[in-house]
Amino acid sequence: MRSKRSDAMNKAAQQSLKPILRISFSGHDRLGRGKMELLEHIRETGSISAAGRAMDMSYRRAWLLISELNHMFQEPVVESQRGGQKGGGAALTPFGEELLRRFRGMESSVRAAIAGDLEWLEANRNPSDAASEPRAES
C-alpha cells in the first residue's frame with residue numbers, strides 16, 4: 001500500500017518528468033506526438049491549414065506531415081476535400097481516429113508502466129537541475 005507522500009511524489013514526478021513516445025518504422029517513417037497533435041487539431045478545426053496554424057507551422061509543413069501519415073499505413077489517416085462552396089476541409093478517417101486513440105493509449109500505458117522509475121528518478125534528481133532550463137537530450 002502506498003503512502004500519501006509516495007502518491008504525491010509519483011504525481012509530481014509524472015508532471016515534471018515526461019516520457020515521450022516515438023515509434024520508428026523501418027526506413028525513415030516515425031510516429032510521434034507532433035503528428036498526433038496535428039491530427040487532434042484537424043479533428044477540432046476540420047482544416048489542415050488551421051491545424052498547422054494552431055501549431056505555428058506552415059500549411060506546407062502540415063500537409064507534408066499528413067501526406068507522410070497517409071503513406072505510412074494501408075488506409076488513409078486524413079481525407080481532404082478541395083475547394084467548392086465551403087472552401088474544402090479535412091477530416092480524420094475512421095482509421096485515423098483509431099490510430100489517434102491507440103497512440104494516446106500507448107502513451108498512457110508507457111507512463112503507467114514506468115511511473116515507479118519516474119518517481120525514483122525524481123527522488124534522485126539534483127534539486128538545482130529540476131529548476132533549470134531544459135537541456136538537449138543525450
# chains A, B, ... in the order shown; residues from 1 in each chain; ligands from 1
>>> residues_around(residues="segment 99-101 of chain A", least_positions_apart="5", cutoff="12 Å", atoms="only C-alpha atoms", output="list of chain:residue names")
A:Leu31, A:Gly32, A:Arg33, A:Gly34, A:Lys35, A:Met36, A:Glu37, A:Leu38, A:Leu39, A:Glu40, A:His41, A:Ile42, A:Arg43, A:Leu69, A:Asn70, A:Met72, A:Phe73, A:Glu75, A:Pro76, A:Val77, A:Val78, A:Leu92, A:Thr93, A:Pro94, A:Met106, A:Glu107, A:Ser108
>>> select_by_dssp(residues="segment 2-124 of chain A", states="helix (DSSP H, G or I)", output="mmCIF file with N, CA, C and O atoms, in the first residue's frame")
data_model
loop_
_atom_site.group_PDB
_atom_site.id
_atom_site.type_symbol
_atom_site.label_atom_id
_atom_site.label_comp_id
_atom_site.auth_asym_id
_atom_site.auth_seq_id
_atom_site.Cartn_x
_atom_site.Cartn_y
_atom_site.Cartn_z
ATOM 1 N N LYS A 4 0.577 8.490 1.307
ATOM 2 C CA LYS A 4 0.169 9.740 0.654
ATOM 3 C C LYS A 4 1.384 10.463 0.086
ATOM 4 O O LYS A 4 1.322 11.049 -0.979
ATOM 5 N N ARG A 5 2.494 10.393 0.813
ATOM 6 C CA ARG A 5 3.711 11.059 0.345
ATOM 7 C C ARG A 5 4.201 10.419 -0.955
ATOM 8 O O ARG A 5 4.585 11.098 -1.888
ATOM 9 N N SER A 6 4.175 9.095 -1.010
ATOM 10 C CA SER A 6 4.596 8.379 -2.210
ATOM 11 C C SER A 6 3.692 8.734 -3.386
ATOM 12 O O SER A 6 4.167 8.962 -4.490
ATOM 13 N N ASP A 7 2.382 8.802 -3.158
ATOM 14 C CA ASP A 7 1.450 9.187 -4.223
ATOM 15 C C ASP A 7 1.712 10.609 -4.697
ATOM 16 O O ASP A 7 1.685 10.888 -5.891
ATOM 17 N N ALA A 8 1.990 11.511 -3.766
ATOM 18 C CA ALA A 8 2.275 12.901 -4.124
ATOM 19 C C ALA A 8 3.571 13.001 -4.915
ATOM 20 O O ALA A 8 3.657 13.736 -5.902
ATOM 21 N N MET A 9 4.600 12.229 -4.498
ATOM 22 C CA MET A 9 5.876 12.241 -5.227
ATOM 23 C C MET A 9 5.687 11.673 -6.625
ATOM 24 O O MET A 9 6.231 12.179 -7.593
ATOM 25 N N ASN A 10 4.886 10.610 -6.723
ATOM 26 C CA ASN A 10 4.643 9.984 -8.016
ATOM 27 C C ASN A 10 3.949 10.975 -8.958
ATOM 28 O O ASN A 10 4.318 11.105 -10.113
ATOM 29 N N LYS A 11 2.961 11.669 -8.440
ATOM 30 C CA LYS A 11 2.241 12.653 -9.251
ATOM 31 C C LYS A 11 3.180 13.780 -9.675
ATOM 32 O O LYS A 11 3.167 14.213 -10.822
ATOM 33 N N ALA A 12 4.023 14.256 -8.764
ATOM 34 C CA ALA A 12 4.988 15.316 -9.098
ATOM 35 C C ALA A 12 5.983 14.839 -10.135
ATOM 36 O O ALA A 12 6.331 15.573 -11.061
ATOM 37 N N ALA A 13 6.438 13.597 -9.999
ATOM 38 C CA ALA A 13 7.392 13.056 -10.963
ATOM 39 C C ALA A 13 6.758 12.961 -12.345
ATOM 40 O O ALA A 13 7.391 13.273 -13.350
ATOM 41 N N GLN A 14 5.510 12.530 -12.403
ATOM 42 C CA GLN A 14 4.835 12.419 -13.692
ATOM 43 C C GLN A 14 4.646 13.800 -14.327
ATOM 44 O O GLN A 14 4.644 13.919 -15.538
ATOM 45 N N GLN A 15 4.502 14.832 -13.521
ATOM 46 C CA GLN A 15 4.313 16.166 -14.064
ATOM 47 C C GLN A 15 5.628 16.779 -14.533
ATOM 48 O O GLN A 15 5.665 17.462 -15.533
ATOM 49 N N SER A 16 6.724 16.527 -13.813
ATOM 50 C CA SER A 16 7.976 17.171 -14.181
ATOM 51 C C SER A 16 8.817 16.317 -15.130
ATOM 52 O O SER A 16 9.582 16.857 -15.912
ATOM 53 N N ARG A 33 4.396 12.385 -31.078
ATOM 54 C CA ARG A 33 3.414 13.304 -30.503
ATOM 55 C C ARG A 33 3.080 14.479 -31.406
ATOM 56 O O ARG A 33 1.962 14.974 -31.371
ATOM 57 N N GLY A 34 4.025 14.942 -32.225
ATOM 58 C CA GLY A 34 3.737 16.071 -33.110
ATOM 59 C C GLY A 34 2.680 15.731 -34.140
ATOM 60 O O GLY A 34 1.737 16.505 -34.358
ATOM 61 N N LYS A 35 2.817 14.582 -34.769
ATOM 62 C CA LYS A 35 1.819 14.159 -35.761
ATOM 63 C C LYS A 35 0.478 13.899 -35.088
ATOM 64 O O LYS A 35 -0.574 14.215 -35.642
ATOM 65 N N MET A 36 0.508 13.356 -33.887
ATOM 66 C CA MET A 36 -0.752 13.099 -33.176
ATOM 67 C C MET A 36 -1.436 14.414 -32.795
ATOM 68 O O MET A 36 -2.649 14.546 -32.889
ATOM 69 N N GLU A 37 -0.638 15.397 -32.378
ATOM 70 C CA GLU A 37 -1.210 16.705 -32.048
ATOM 71 C C GLU A 37 -1.824 17.339 -33.300
ATOM 72 O O GLU A 37 -2.902 17.934 -33.241
ATOM 73 N N LEU A 38 -1.155 17.193 -34.431
ATOM 74 C CA LEU A 38 -1.686 17.715 -35.688
ATOM 75 C C LEU A 38 -3.031 17.053 -36.004
ATOM 76 O O LEU A 38 -3.988 17.737 -36.393
ATOM 77 N N LEU A 39 -3.130 15.750 -35.807
ATOM 78 C CA LEU A 39 -4.402 15.055 -36.034
ATOM 79 C C LEU A 39 -5.496 15.586 -35.107
ATOM 80 O O LEU A 39 -6.644 15.773 -35.532
ATOM 81 N N GLU A 40 -5.151 15.850 -33.861
ATOM 82 C CA GLU A 40 -6.143 16.390 -32.926
ATOM 83 C C GLU A 40 -6.642 17.754 -33.389
ATOM 84 O O GLU A 40 -7.839 18.040 -33.328
ATOM 85 N N HIS A 41 -5.728 18.583 -33.882
ATOM 86 C CA HIS A 41 -6.132 19.907 -34.370
ATOM 87 C C HIS A 41 -6.993 19.801 -35.631
ATOM 88 O O HIS A 41 -7.927 20.580 -35.804
ATOM 89 N N ILE A 42 -6.684 18.847 -36.499
ATOM 90 C CA ILE A 42 -7.517 18.644 -37.693
ATOM 91 C C ILE A 42 -8.912 18.205 -37.269
ATOM 92 O O ILE A 42 -9.919 18.690 -37.807
ATOM 93 N N ARG A 43 -8.976 17.324 -36.285
ATOM 94 C CA ARG A 43 -10.279 16.888 -35.778
ATOM 95 C C ARG A 43 -11.079 18.080 -35.243
ATOM 96 O O ARG A 43 -12.270 18.205 -35.491
ATOM 97 N N GLU A 44 -10.402 18.975 -34.511
ATOM 98 C CA GLU A 44 -11.076 20.126 -33.914
ATOM 99 C C GLU A 44 -11.477 21.184 -34.937
ATOM 100 O O GLU A 44 -12.537 21.786 -34.816
ATOM 101 N N THR A 45 -10.610 21.428 -35.916
ATOM 102 C CA THR A 45 -10.827 22.553 -36.830
ATOM 103 C C THR A 45 -11.411 22.160 -38.181
ATOM 104 O O THR A 45 -11.976 23.005 -38.873
ATOM 105 N N ILE A 48 -6.568 21.475 -42.481
ATOM 106 C CA ILE A 48 -5.127 21.263 -42.360
ATOM 107 C C ILE A 48 -4.424 22.588 -42.101
ATOM 108 O O ILE A 48 -3.531 22.671 -41.244
ATOM 109 N N SER A 49 -4.829 23.648 -42.791
ATOM 110 C CA SER A 49 -4.151 24.940 -42.591
ATOM 111 C C SER A 49 -4.404 25.484 -41.184
ATOM 112 O O SER A 49 -3.484 25.994 -40.545
ATOM 113 N N ALA A 50 -5.638 25.363 -40.685
ATOM 114 C CA ALA A 50 -5.926 25.833 -39.319
ATOM 115 C C ALA A 50 -5.172 24.992 -38.294
ATOM 116 O O ALA A 50 -4.680 25.515 -37.293
ATOM 117 N N ALA A 51 -5.065 23.691 -38.541
ATOM 118 C CA ALA A 51 -4.313 22.813 -37.632
ATOM 119 C C ALA A 51 -2.845 23.217 -37.621
ATOM 120 O O ALA A 51 -2.218 23.288 -36.558
ATOM 121 N N GLY A 52 -2.298 23.497 -38.797
ATOM 122 C CA GLY A 52 -0.909 23.959 -38.877
ATOM 123 C C GLY A 52 -0.700 25.264 -38.137
ATOM 124 O O GLY A 52 0.263 25.425 -37.396
ATOM 125 N N ARG A 53 -1.620 26.201 -38.339
ATOM 126 C CA ARG A 53 -1.513 27.500 -37.643
ATOM 127 C C ARG A 53 -1.552 27.319 -36.133
ATOM 128 O O ARG A 53 -0.824 27.986 -35.401
ATOM 129 N N ALA A 54 -2.402 26.408 -35.663
ATOM 130 C CA ALA A 54 -2.503 26.158 -34.220
ATOM 131 C C ALA A 54 -1.183 25.642 -33.646
ATOM 132 O O ALA A 54 -0.906 25.810 -32.464
ATOM 133 N N TYR A 59 1.277 25.773 -43.773
ATOM 134 C CA TYR A 59 0.355 24.820 -44.383
ATOM 135 C C TYR A 59 1.143 23.723 -45.078
ATOM 136 O O TYR A 59 0.812 22.540 -44.972
ATOM 137 N N ARG A 60 2.199 24.104 -45.770
ATOM 138 C CA ARG A 60 3.003 23.112 -46.498
ATOM 139 C C ARG A 60 3.563 22.049 -45.551
ATOM 140 O O ARG A 60 3.511 20.861 -45.836
ATOM 141 N N ARG A 61 4.109 22.477 -44.429
ATOM 142 C CA ARG A 61 4.670 21.526 -43.462
ATOM 143 C C ARG A 61 3.576 20.609 -42.928
ATOM 144 O O ARG A 61 3.768 19.392 -42.828
ATOM 145 N N ALA A 62 2.430 21.176 -42.578
ATOM 146 C CA ALA A 62 1.315 20.364 -42.074
ATOM 147 C C ALA A 62 0.862 19.370 -43.145
ATOM 148 O O ALA A 62 0.640 18.189 -42.858
ATOM 149 N N TRP A 63 0.755 19.832 -44.382
ATOM 150 C CA TRP A 63 0.326 18.970 -45.475
ATOM 151 C C TRP A 63 1.333 17.834 -45.688
ATOM 152 O O TRP A 63 0.938 16.684 -45.908
ATOM 153 N N LEU A 64 2.628 18.149 -45.621
ATOM 154 C CA LEU A 64 3.654 17.113 -45.794
ATOM 155 C C LEU A 64 3.570 16.053 -44.683
ATOM 156 O O LEU A 64 3.739 14.862 -44.946
ATOM 157 N N LEU A 65 3.307 16.477 -43.457
ATOM 158 C CA LEU A 65 3.172 15.523 -42.349
ATOM 159 C C LEU A 65 1.955 14.629 -42.550
ATOM 160 O O LEU A 65 2.016 13.411 -42.310
ATOM 161 N N ILE A 66 0.862 15.201 -43.014
ATOM 162 C CA ILE A 66 -0.345 14.411 -43.283
ATOM 163 C C ILE A 66 -0.077 13.440 -44.432
ATOM 164 O O ILE A 66 -0.487 12.274 -44.391
ATOM 165 N N SER A 67 0.627 13.907 -45.439
ATOM 166 C CA SER A 67 0.974 13.043 -46.563
ATOM 167 C C SER A 67 1.824 11.861 -46.076
ATOM 168 O O SER A 67 1.602 10.715 -46.483
ATOM 169 N N GLU A 68 2.790 12.130 -45.200
ATOM 170 C CA GLU A 68 3.605 11.056 -44.622
ATOM 171 C C GLU A 68 2.726 10.037 -43.900
ATOM 172 O O GLU A 68 2.887 8.827 -44.077
ATOM 173 N N LEU A 69 1.813 10.551 -43.065
ATOM 174 C CA LEU A 69 0.926 9.647 -42.325
ATOM 175 C C LEU A 69 0.089 8.802 -43.273
ATOM 176 O O LEU A 69 -0.077 7.596 -43.064
ATOM 177 N N ASN A 70 -0.453 9.424 -44.307
ATOM 178 C CA ASN A 70 -1.304 8.694 -45.239
ATOM 179 C C ASN A 70 -0.542 7.615 -46.005
ATOM 180 O O ASN A 70 -1.134 6.632 -46.422
ATOM 181 N N HIS A 71 0.770 7.804 -46.168
ATOM 182 C CA HIS A 71 1.578 6.808 -46.880
ATOM 183 C C HIS A 71 2.172 5.739 -45.955
ATOM 184 O O HIS A 71 2.656 4.715 -46.420
ATOM 185 N N MET A 72 2.127 5.971 -44.659
ATOM 186 C CA MET A 72 2.684 5.019 -43.698
ATOM 187 C C MET A 72 1.806 3.785 -43.504
ATOM 188 O O MET A 72 2.279 2.741 -43.072
ATOM 189 N N PRO A 94 -12.020 7.001 -40.188
ATOM 190 C CA PRO A 94 -12.179 6.095 -39.035
ATOM 191 C C PRO A 94 -10.842 5.465 -38.621
ATOM 192 O O PRO A 94 -10.560 5.326 -37.425
ATOM 193 N N PHE A 95 -9.995 5.135 -39.606
ATOM 194 C CA PHE A 95 -8.671 4.598 -39.272
ATOM 195 C C PHE A 95 -7.844 5.653 -38.534
ATOM 196 O O PHE A 95 -7.144 5.339 -37.566
ATOM 197 N N GLY A 96 -7.899 6.908 -38.977
ATOM 198 C CA GLY A 96 -7.169 7.987 -38.310
ATOM 199 C C GLY A 96 -7.613 8.177 -36.871
ATOM 200 O O GLY A 96 -6.794 8.398 -35.970
ATOM 201 N N GLU A 97 -8.917 8.089 -36.636
ATOM 202 C CA GLU A 97 -9.453 8.184 -35.264
ATOM 203 C C GLU A 97 -8.906 7.048 -34.405
ATOM 204 O O GLU A 97 -8.506 7.256 -33.264
ATOM 205 N N GLU A 98 -8.885 5.837 -34.976
ATOM 206 C CA GLU A 98 -8.380 4.671 -34.237
ATOM 207 C C GLU A 98 -6.888 4.800 -33.964
ATOM 208 O O GLU A 98 -6.409 4.473 -32.873
ATOM 209 N N LEU A 99 -6.136 5.279 -34.943
ATOM 210 C CA LEU A 99 -4.701 5.497 -34.773
ATOM 211 C C LEU A 99 -4.445 6.464 -33.627
ATOM 212 O O LEU A 99 -3.615 6.206 -32.750
ATOM 213 N N LEU A 100 -5.163 7.577 -33.622
ATOM 214 C CA LEU A 100 -5.002 8.584 -32.564
ATOM 215 C C LEU A 100 -5.364 7.993 -31.203
ATOM 216 O O LEU A 100 -4.628 8.156 -30.227
ATOM 217 N N ARG A 101 -6.465 7.276 -31.136
ATOM 218 C CA ARG A 101 -6.905 6.674 -29.872
ATOM 219 C C ARG A 101 -5.863 5.679 -29.359
ATOM 220 O O ARG A 101 -5.498 5.691 -28.183
ATOM 221 N N ARG A 102 -5.354 4.842 -30.258
ATOM 222 C CA ARG A 102 -4.371 3.839 -29.845
ATOM 223 C C ARG A 102 -3.043 4.479 -29.429
ATOM 224 O O ARG A 102 -2.417 4.040 -28.465
ATOM 225 N N PHE A 103 -2.601 5.504 -30.151
ATOM 226 C CA PHE A 103 -1.340 6.156 -29.794
ATOM 227 C C PHE A 103 -1.452 6.788 -28.410
ATOM 228 O O PHE A 103 -0.552 6.647 -27.584
ATOM 229 N N ARG A 104 -2.554 7.496 -28.150
ATOM 230 C CA ARG A 104 -2.743 8.104 -26.822
ATOM 231 C C ARG A 104 -2.817 7.021 -25.746
ATOM 232 O O ARG A 104 -2.317 7.210 -24.631
ATOM 233 N N GLY A 105 -3.403 5.888 -26.077
ATOM 234 C CA GLY A 105 -3.431 4.770 -25.130
ATOM 235 C C GLY A 105 -2.038 4.224 -24.853
ATOM 236 O O GLY A 105 -1.700 3.887 -23.714
ATOM 237 N N MET A 106 -1.213 4.131 -25.908
ATOM 238 C CA MET A 106 0.164 3.667 -25.722
ATOM 239 C C MET A 106 0.932 4.639 -24.819
ATOM 240 O O MET A 106 1.694 4.201 -23.947
ATOM 241 N N GLU A 107 0.722 5.940 -25.020
ATOM 242 C CA GLU A 107 1.396 6.923 -24.153
ATOM 243 C C GLU A 107 0.994 6.719 -22.699
ATOM 244 O O GLU A 107 1.846 6.742 -21.804
ATOM 245 N N SER A 108 -0.287 6.514 -22.450
ATOM 246 C CA SER A 108 -0.761 6.281 -21.076
ATOM 247 C C SER A 108 -0.164 5.011 -20.495
ATOM 248 O O SER A 108 0.231 4.978 -19.331
ATOM 249 N N SER A 109 -0.091 3.970 -21.319
ATOM 250 C CA SER A 109 0.489 2.699 -20.861
ATOM 251 C C SER A 109 1.962 2.853 -20.495
ATOM 252 O O SER A 109 2.417 2.307 -19.493
ATOM 253 N N VAL A 110 2.692 3.598 -21.307
ATOM 254 C CA VAL A 110 4.112 3.833 -21.019
ATOM 255 C C VAL A 110 4.258 4.580 -19.702
ATOM 256 O O VAL A 110 5.057 4.199 -18.842
ATOM 257 N N ARG A 111 3.475 5.662 -19.531
ATOM 258 C CA ARG A 111 3.562 6.434 -18.278
ATOM 259 C C ARG A 111 3.246 5.559 -17.076
ATOM 260 O O ARG A 111 3.939 5.615 -16.059
ATOM 261 N N ALA A 112 2.202 4.740 -17.183
ATOM 262 C CA ALA A 112 1.826 3.873 -16.062
ATOM 263 C C ALA A 112 2.904 2.825 -15.797
ATOM 264 O O ALA A 112 3.223 2.543 -14.641
ATOM 265 N N ALA A 113 3.476 2.274 -16.861
ATOM 266 C CA ALA A 113 4.474 1.209 -16.707
ATOM 267 C C ALA A 113 5.756 1.705 -16.053
ATOM 268 O O ALA A 113 6.411 0.949 -15.338
ATOM 269 N N ALA A 115 5.966 4.560 -14.070
ATOM 270 C CA ALA A 115 5.678 5.538 -13.012
ATOM 271 C C ALA A 115 6.632 5.386 -11.832
ATOM 272 O O ALA A 115 7.144 6.381 -11.307
ATOM 273 N N GLY A 116 6.902 4.169 -11.419
ATOM 274 C CA GLY A 116 7.819 3.942 -10.297
ATOM 275 C C GLY A 116 9.235 4.390 -10.623
ATOM 276 O O GLY A 116 9.932 4.971 -9.778
ATOM 277 N N ASP A 117 9.665 4.159 -11.848
ATOM 278 C CA ASP A 117 11.002 4.590 -12.265
ATOM 279 C C ASP A 117 11.083 6.115 -12.345
ATOM 280 O O ASP A 117 12.102 6.705 -11.980
ATOM 281 N N LEU A 118 10.003 6.738 -12.817
ATOM 282 C CA LEU A 118 9.986 8.205 -12.847
ATOM 283 C C LEU A 118 10.056 8.779 -11.435
ATOM 284 O O LEU A 118 10.747 9.764 -11.188
ATOM 285 N N GLU A 119 9.349 8.127 -10.527
ATOM 286 C CA GLU A 119 9.383 8.541 -9.123
ATOM 287 C C GLU A 119 10.804 8.437 -8.575
ATOM 288 O O GLU A 119 11.292 9.338 -7.892
ATOM 289 N N TRP A 120 11.481 7.337 -8.880
ATOM 290 C CA TRP A 120 12.859 7.143 -8.433
ATOM 291 C C TRP A 120 13.776 8.202 -9.038
ATOM 292 O O TRP A 120 14.617 8.778 -8.345
ATOM 293 N N LEU A 121 13.632 8.461 -10.341
ATOM 294 C CA LEU A 121 14.456 9.491 -10.988
ATOM 295 C C LEU A 121 14.247 10.853 -10.329
ATOM 296 O O LEU A 121 15.199 11.579 -10.061
ATOM 297 N N GLU A 122 12.986 11.184 -10.077
ATOM 298 C CA GLU A 122 12.680 12.476 -9.459
ATOM 299 C C GLU A 122 13.269 12.559 -8.056
ATOM 300 O O GLU A 122 13.828 13.576 -7.668
ATOM 301 N N ALA A 123 13.179 11.473 -7.303
ATOM 302 C CA ALA A 123 13.709 11.456 -5.932
ATOM 303 C C ALA A 123 15.225 11.605 -5.916
ATOM 304 O O ALA A 123 15.798 12.125 -4.954
#
